[in-house]
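To be precise, the following lines are entry.txt, and they hold compact mmCIF, C-alpha atoms and all ligand atoms.
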# COMPACT_ATOMS: atom_id res chain seq x y z
CA MET A 1 34.35 104.67 131.19
CA LEU A 2 37.27 102.79 129.71
CA ARG A 3 36.57 99.41 128.19
CA LEU A 4 39.27 96.99 127.12
CA ASN A 5 39.57 93.27 126.64
CA GLU A 6 41.68 90.98 128.84
CA GLN A 7 44.38 90.65 126.24
CA VAL A 8 44.95 94.41 125.96
CA TYR A 9 44.71 94.83 129.74
CA HIS A 10 47.40 92.24 130.35
CA ALA A 11 49.58 93.57 127.54
CA ILE A 12 49.64 97.02 129.17
CA ARG A 13 50.53 95.58 132.56
CA ARG A 14 53.16 93.24 131.13
CA HIS A 15 54.76 96.19 129.31
CA GLY A 16 55.25 97.96 132.64
CA GLU A 17 56.84 94.87 134.16
CA GLU A 18 59.20 94.47 131.20
CA THR A 19 60.50 98.04 131.29
CA TYR A 20 60.79 98.15 135.12
CA PRO A 21 62.52 100.06 136.77
CA HIS A 22 61.82 102.41 133.86
CA GLU A 23 58.44 103.80 132.85
CA CYS A 24 56.70 102.22 129.89
CA CYS A 25 54.31 104.12 127.66
CA GLY A 26 51.93 103.47 124.82
CA VAL A 27 48.84 104.48 122.92
CA LEU A 28 45.31 103.09 123.11
CA LEU A 29 43.50 102.79 119.79
CA GLY A 30 39.77 102.29 119.63
CA ARG A 31 36.52 104.17 119.39
CA SER A 32 34.91 106.75 121.60
CA VAL A 33 31.16 106.24 121.73
CA ASP A 34 28.70 107.81 124.18
CA GLY A 35 31.28 108.54 126.85
CA VAL A 36 32.93 105.14 126.61
CA ASN A 37 36.49 104.86 125.37
CA ASP A 38 36.38 101.42 123.84
CA VAL A 39 39.92 100.14 123.31
CA GLU A 40 40.67 97.75 120.50
CA ASP A 41 44.44 97.67 120.68
CA ALA A 42 47.37 98.96 122.73
CA ILE A 43 50.41 100.09 120.76
CA ARG A 44 53.74 100.14 122.57
CA ALA A 45 55.78 103.30 122.25
CA GLY A 46 59.37 104.07 123.16
CA ASN A 47 60.12 106.27 126.16
CA THR A 48 62.34 109.07 124.87
CA ARG A 49 63.20 110.24 128.41
CA THR A 50 66.33 108.13 128.65
CA ASP A 51 67.76 110.84 130.93
CA SER A 52 65.16 110.13 133.62
CA ALA A 53 63.25 107.03 132.52
CA HIS A 54 62.52 105.84 136.09
CA ASN A 55 60.14 108.75 136.74
CA ARG A 56 59.42 110.43 133.38
CA TYR A 57 58.02 109.41 130.04
CA ASN A 58 57.58 111.07 126.70
CA ILE A 59 56.38 109.67 123.40
CA ALA A 60 58.10 111.13 120.35
CA PRO A 61 55.52 113.08 118.30
CA GLN A 62 56.81 111.40 115.18
CA GLU A 63 55.90 108.04 116.66
CA LEU A 64 52.44 109.41 117.51
CA VAL A 65 51.98 110.59 113.93
CA ARG A 66 52.78 107.04 112.79
CA ILE A 67 50.44 105.44 115.33
CA GLN A 68 47.64 107.85 114.42
CA ARG A 69 48.15 106.92 110.76
CA GLN A 70 48.08 103.17 111.53
CA GLY A 71 44.88 103.73 113.49
CA ARG A 72 43.28 105.65 110.65
CA GLU A 73 44.04 102.80 108.25
CA ARG A 74 42.27 100.41 110.64
CA GLY A 75 39.34 102.76 111.28
CA LEU A 76 40.50 103.40 114.86
CA ASP A 77 41.17 106.62 116.77
CA ILE A 78 43.56 107.46 119.58
CA VAL A 79 41.30 107.20 122.65
CA GLY A 80 43.92 107.11 125.37
CA PHE A 81 47.46 106.49 126.57
CA TYR A 82 49.09 104.34 129.20
CA HIS A 83 52.23 104.50 131.26
CA SER A 84 53.64 102.87 134.38
CA HIS A 85 54.69 104.18 137.77
CA PRO A 86 57.67 102.12 138.95
CA ASP A 87 57.43 101.86 142.75
CA HIS A 88 54.81 104.61 142.88
CA PRO A 89 51.02 104.37 143.29
CA ALA A 90 48.67 104.22 140.28
CA GLN A 91 47.60 107.86 140.72
CA TRP A 92 48.28 110.76 138.40
CA SER A 93 51.07 113.12 139.38
CA LYS A 94 51.45 116.87 138.96
CA THR A 95 53.68 116.21 135.96
CA ASP A 96 51.06 113.90 134.43
CA PHE A 97 48.44 116.61 134.77
CA ALA A 98 50.61 119.45 133.48
CA GLU A 99 51.61 117.38 130.44
CA ALA A 100 48.12 116.04 129.64
CA HIS A 101 46.59 117.73 126.60
CA TRP A 102 44.35 115.14 124.96
CA LEU A 103 40.94 116.20 126.29
CA GLY A 104 38.39 113.37 126.28
CA CYS A 105 41.11 110.74 126.29
CA SER A 106 41.84 108.15 128.98
CA TYR A 107 45.18 108.17 130.80
CA VAL A 108 45.87 104.72 132.22
CA ILE A 109 48.47 104.25 134.94
CA THR A 110 49.79 100.94 136.25
CA ALA A 111 51.77 100.81 139.48
CA VAL A 112 54.69 98.40 139.18
CA GLU A 113 56.17 97.40 142.50
CA LYS A 114 59.53 95.63 142.51
CA GLY A 115 58.86 94.55 138.93
CA VAL A 116 55.33 93.25 139.50
CA ALA A 117 52.23 95.05 138.16
CA GLN A 118 49.83 96.11 140.93
CA ALA A 119 46.81 98.41 140.47
CA THR A 120 45.82 99.75 137.05
CA ASN A 121 43.71 102.92 137.15
CA SER A 122 42.30 105.17 134.46
CA PHE A 123 41.77 108.92 134.52
CA LEU A 124 39.67 110.77 131.98
CA LEU A 125 40.95 114.18 130.95
CA THR A 126 37.81 116.33 131.04
CA GLY A 127 37.20 119.98 130.19
CA THR A 128 37.19 122.01 127.02
CA THR A 129 40.49 123.93 127.19
CA GLU A 130 43.91 123.89 128.83
CA GLU A 131 42.56 126.32 131.40
CA ASP A 132 39.62 124.25 132.68
CA LYS A 133 40.95 120.72 132.18
CA ALA A 134 40.73 118.18 135.02
CA PHE A 135 41.46 114.51 135.65
CA GLU A 136 38.46 112.41 136.71
CA ASP A 137 38.64 108.88 138.08
CA GLU A 138 37.30 106.60 135.42
CA ALA A 139 35.82 103.10 135.71
CA VAL A 140 37.76 100.38 133.90
CA GLU A 141 35.83 97.49 132.45
CA VAL A 142 37.89 94.48 131.46
CA ALA A 143 35.88 92.31 129.10
CA ALA A 144 36.67 88.62 128.90
CA LEU A 145 37.81 87.51 125.48
CA GLU A 146 35.08 85.86 123.50
CA THR A 147 35.90 82.19 123.39
CA GLU A 148 34.31 79.55 121.29
CA ARG A 149 31.81 77.45 123.13
CA CYS A 150 30.46 74.06 122.19
CA MET B 151 46.09 118.78 100.91
CA LYS B 152 44.83 116.85 103.92
CA ILE B 153 45.10 117.92 107.54
CA HIS B 154 44.64 115.21 110.15
CA ILE B 155 42.89 116.38 113.30
CA PRO B 156 43.60 114.64 116.64
CA THR B 157 40.66 113.23 118.63
CA PRO B 158 40.36 116.09 121.18
CA LEU B 159 40.14 118.79 118.51
CA ARG B 160 37.46 117.17 116.36
CA VAL B 161 34.79 118.92 118.41
CA TYR B 162 35.97 122.03 116.57
CA SER B 163 36.20 120.52 113.09
CA ASN B 164 32.60 119.30 112.74
CA LYS B 165 33.75 115.88 113.98
CA GLN B 166 35.90 115.41 110.89
CA ASP B 167 39.14 113.50 111.44
CA THR B 168 40.56 114.86 108.20
CA VAL B 169 40.02 118.30 106.71
CA SER B 170 40.93 119.01 103.07
CA VAL B 171 42.24 122.45 102.19
CA SER B 172 43.81 123.94 99.09
CA ALA B 173 47.12 125.59 99.84
CA THR B 174 50.58 126.02 98.38
CA THR B 175 52.47 126.36 101.69
CA VAL B 176 52.23 124.95 105.22
CA GLY B 177 51.24 128.40 106.53
CA GLU B 178 48.46 128.78 103.98
CA ALA B 179 47.14 125.33 104.84
CA LEU B 180 46.92 126.15 108.56
CA ASP B 181 45.31 129.52 107.80
CA ALA B 182 42.74 127.82 105.57
CA LEU B 183 42.00 125.33 108.35
CA THR B 184 41.36 128.01 110.99
CA ALA B 185 39.40 130.12 108.50
CA THR B 186 36.97 127.23 107.97
CA HIS B 187 37.00 126.17 111.63
CA PRO B 188 37.72 129.35 113.64
CA ASP B 189 37.20 127.63 117.01
CA LEU B 190 40.37 125.63 116.40
CA LYS B 191 42.47 128.77 116.58
CA LYS B 192 42.68 129.23 120.33
CA HIS B 193 43.48 125.55 120.80
CA LEU B 194 46.38 125.68 118.36
CA TYR B 195 47.84 129.12 119.02
CA SER B 196 48.79 131.17 122.08
CA GLU B 197 47.51 134.72 122.50
CA GLU B 198 50.69 135.94 120.79
CA GLY B 199 49.71 133.91 117.75
CA LYS B 200 52.44 131.30 118.17
CA LEU B 201 51.80 127.59 117.94
CA ARG B 202 51.18 126.41 121.52
CA SER B 203 54.25 124.72 122.95
CA PHE B 204 52.54 121.33 123.36
CA VAL B 205 51.01 121.34 119.88
CA ASN B 206 53.12 119.64 117.23
CA VAL B 207 52.38 119.97 113.55
CA TYR B 208 53.99 117.46 111.23
CA LEU B 209 54.31 117.76 107.48
CA ASN B 210 54.29 114.07 106.60
CA ASP B 211 57.02 112.89 109.00
CA GLU B 212 58.73 116.24 109.67
CA ASP B 213 58.10 118.67 112.52
CA ILE B 214 57.28 122.00 110.84
CA ARG B 215 59.28 123.83 113.56
CA TYR B 216 62.42 122.25 112.11
CA LEU B 217 61.69 122.77 108.43
CA PRO B 218 64.24 125.24 107.02
CA LYS B 219 61.48 127.35 105.47
CA LYS B 220 58.99 126.71 108.29
CA GLY B 221 55.51 127.98 107.33
CA ALA B 222 56.72 129.00 103.88
CA THR B 223 57.51 125.38 102.99
CA GLU B 224 55.78 124.47 99.73
CA VAL B 225 53.24 121.68 99.80
CA SER B 226 51.41 119.66 97.18
CA ASP B 227 48.09 117.83 97.22
CA LYS B 228 49.89 114.62 98.07
CA ASP B 229 51.27 116.00 101.35
CA ALA B 230 49.51 115.70 104.66
CA LEU B 231 49.72 117.72 107.84
CA SER B 232 49.14 116.02 111.19
CA ILE B 233 48.31 117.95 114.32
CA ILE B 234 49.58 116.06 117.36
CA PRO B 235 49.45 117.37 120.94
CA SER B 236 52.35 116.04 123.00
CA ILE B 237 52.24 113.07 125.35
CA ALA B 238 54.40 113.04 128.43
CA GLY B 239 54.28 112.73 132.20
CA GLY B 240 55.90 110.93 135.05
CA CYS B 241 55.36 109.96 138.65
ZN ZN A 301 52.57 109.28 135.67
Now that the file is in, can you turn its structure into structure tokens?
Amino acid sequence: MLRLNEQVYHAIRRHGEETYPHECCGVLLGRSVDGVNDVEDAIRAGNTRTDSAHNRYNIAPQELVRIQRQGRERGLDIVGFYHSHPDHPAQWSKTDFAEAHWLGCSYVITAVEKGVAQATNSFLLTGTTEEDKAFEDEAVEVAALETERC
Amino acid sequence: MKIHIPTPLRVYSNKQDTVSVSATTVGEALDALTATHPDLKKHLYSEEGKLRSFVNVYLNDEDIRYLPKKGATEVSDKDALSIIPSIAGGC
């Protein structure tokens, strides 16, 4: 299961609307406990695929190194990634599967239709190696932000 | 020096996010890592013994594939290696 708060959930979706008609991408920092990827923060990343940004994304490894370092300093791990599908459904593609290598991490996809965010789905990359990996549909729990009550 | 292990590979490093090794070159550091944690080997290297194409290893902020001396690059205790599988896809 993927758990994130409203703020992070909306930030991911807004990112996809802002970069439309191009794909957005980013990294989810948090903690993985007992099968739950608990997201604390979403970090925006640049899409290096400027040659084909409407249907491809790639995060520069150097940017990932930096994000992993920032996470470490905050006591957080990389627990997932997100990207958008401009005018395509929120389902993983063959390319998404072939390029997915972070076993145990959540891959979140938001469909953005004509600039407006539609469904947001998450897929857990399961398996133990490149050879037996698989994407599984994953429940997404959006927790309301804790607000002060009188 | 320190070697930072990405989340999916920590199953093979006794859950450690950082492994300390003593080494004088990048190559020695990676060898020391896989000597201590042999299960990491097949996840990092192809059967021909080359770094898998989707596995990136960074010495501080430099991709080791592009270092002039590659694996023979000297390192000190203050350097860190980061192992980072690639992230890409599309629709
Ligand atoms: Zn995709």
*Which is closer to ligand ZN 301 (chain A) than all the others in B:Ala238, B:Met151, B:Val169, B:Ala222, using only C-alpha atoms and all ligand atoms?*
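Closest to ligand ZN 301 (chain A) of all the choices is B:Ala238.
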_Close residues, Ser32 (chain A) itself excluded, 12 Å, all atoms listed in the file, min 3 positions apart in chain, as a list in words_ = Met1, Leu2, Arg3, Leu28, Leu29, Gly35, Val36, Asn37, Asp38, Val39, Glu40, Gly75, Leu76, Asp77, Ile78, Val79, Gly80, Gly104, Cys105 and Ser106 of chain A; Thr157, Pro158, Arg160 and Lys165 of chain B
_Rounded to one decimal, what separation in Å do you get between CA of Thr223 (chain B) and CA of Val176 (chain B)?_
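One can read the CA of Thr223 (chain B) to CA of Val176 (chain B) distance as 5.7 Å.
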*Go through A:Asp96, A:Asp132, A:Glu73, A:Asp87 and flag the residue nearest ligand ZN 301 (chain A), using all atoms listed in the file for the distances.*
A:Asp96
_I need the contact residues of chain A against chain B, so if you could list those with any atom within 8 Å, counting only C-alpha atoms, and return them as a PyMOL selection string, that would help._
chain A and resi 23+55-62+64-65+77-79+85+88+92-105+129
*Spatial neighbours of Arg44 (chain A), 8 Å, only C-alpha atoms, chain gap at least 4 places, as a list in words*: His15, Cys25, Gly26 and Val27 of chain A
*Point out the residue among A:Ala111, A:Val142, A:Ala117, A:Ala134 with the least atom-to-atom distance to ligand ZN 301 (chain A), counting all atoms listed in the file.*
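Answer, going by the shortest atom-to-atom distance: A:Ala111.
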_Counting all atoms listed in the file, the option among A:Thr19, A:Thr120, A:Gln91, A:Thr110 closest to Gly46 (chain A)_ =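 Counting all atoms listed in the file, the residue closest to Gly46 (chain A) is A:Thr19.
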*Work out how far apart CA of Gly221 (chain B) and CA of Gly199 (chain B) are and give it in Å to one decimal.*
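Result for CA of Gly221 (chain B) versus CA of Gly199 (chain B): 13.3 Å, one decimal.
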Missing atoms in region 194-209 of chain B should be modelled up to N, CA, C and O atoms and reported as an mmCIF file, in the coordinates of the input.
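Generated file (result_1.cif):
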data_model
loop_
_atom_site.group_PDB
_atom_site.id
_atom_site.type_symbol
_atom_site.label_atom_id
_atom_site.label_comp_id
_atom_site.auth_asym_id
_atom_site.auth_seq_id
_atom_site.Cartn_x
_atom_site.Cartn_y
_atom_site.Cartn_z
ATOM 1 N N LEU B 194 45.105 125.900 119.051
ATOM 2 C CA LEU B 194 46.380 125.680 118.360
ATOM 3 C C LEU B 194 47.410 126.766 118.679
ATOM 4 O O LEU B 194 48.598 126.495 118.731
ATOM 5 N N TYR B 195 46.913 127.993 118.867
ATOM 6 C CA TYR B 195 47.840 129.120 119.020
ATOM 7 C C TYR B 195 47.703 129.792 120.380
ATOM 8 O O TYR B 195 46.620 129.836 120.963
ATOM 9 N N SER B 196 48.823 130.370 120.854
ATOM 10 C CA SER B 196 48.790 131.170 122.080
ATOM 11 C C SER B 196 48.234 132.546 121.731
ATOM 12 O O SER B 196 47.997 132.847 120.561
ATOM 13 N N GLU B 197 48.051 133.388 122.755
ATOM 14 C CA GLU B 197 47.510 134.720 122.500
ATOM 15 C C GLU B 197 48.426 135.552 121.609
ATOM 16 O O GLU B 197 47.986 136.456 120.914
ATOM 17 N N GLU B 198 49.729 135.212 121.639
ATOM 18 C CA GLU B 198 50.690 135.940 120.790
ATOM 19 C C GLU B 198 50.674 135.406 119.357
ATOM 20 O O GLU B 198 51.467 135.851 118.525
ATOM 21 N N GLY B 199 49.812 134.436 119.115
ATOM 22 C CA GLY B 199 49.710 133.910 117.750
ATOM 23 C C GLY B 199 50.742 132.855 117.399
ATOM 24 O O GLY B 199 50.877 132.472 116.248
ATOM 25 N N LYS B 200 51.470 132.364 118.433
ATOM 26 C CA LYS B 200 52.440 131.300 118.170
ATOM 27 C C LYS B 200 51.798 129.947 118.430
ATOM 28 O O LYS B 200 50.907 129.833 119.293
ATOM 29 N N LEU B 201 52.276 128.937 117.709
ATOM 30 C CA LEU B 201 51.800 127.590 117.940
ATOM 31 C C LEU B 201 52.028 127.251 119.422
ATOM 32 O O LEU B 201 53.112 127.495 119.949
ATOM 33 N N ARG B 202 51.001 126.745 120.108
ATOM 34 C CA ARG B 202 51.180 126.410 121.520
ATOM 35 C C ARG B 202 52.313 125.400 121.675
ATOM 36 O O ARG B 202 52.502 124.535 120.817
ATOM 37 N N SER B 203 53.026 125.508 122.799
ATOM 38 C CA SER B 203 54.250 124.720 122.950
ATOM 39 C C SER B 203 53.999 123.209 122.897
ATOM 40 O O SER B 203 54.850 122.451 122.477
ATOM 41 N N PHE B 204 52.800 122.777 123.333
ATOM 42 C CA PHE B 204 52.540 121.330 123.360
ATOM 43 C C PHE B 204 51.855 120.843 122.086
ATOM 44 O O PHE B 204 51.524 119.668 121.969
ATOM 45 N N VAL B 205 51.631 121.750 121.139
ATOM 46 C CA VAL B 205 51.010 121.340 119.880
ATOM 47 C C VAL B 205 52.090 121.137 118.823
ATOM 48 O O VAL B 205 52.858 122.049 118.527
ATOM 49 N N ASN B 206 52.160 119.928 118.298
ATOM 50 C CA ASN B 206 53.120 119.640 117.230
ATOM 51 C C ASN B 206 52.370 119.542 115.918
ATOM 52 O O ASN B 206 51.283 118.971 115.864
ATOM 53 N N VAL B 207 52.961 120.122 114.883
ATOM 54 C CA VAL B 207 52.380 119.970 113.550
ATOM 55 C C VAL B 207 53.442 119.323 112.671
ATOM 56 O O VAL B 207 54.577 119.804 112.585
ATOM 57 N N TYR B 208 53.069 118.206 112.077
ATOM 58 C CA TYR B 208 53.990 117.460 111.230
ATOM 59 C C TYR B 208 53.569 117.538 109.774
ATOM 60 O O TYR B 208 52.393 117.318 109.449
ATOM 61 N N LEU B 209 54.543 117.867 108.921
ATOM 62 C CA LEU B 209 54.310 117.760 107.480
ATOM 63 C C LEU B 209 54.843 116.386 107.115
ATOM 64 O O LEU B 209 56.045 116.142 107.202
#
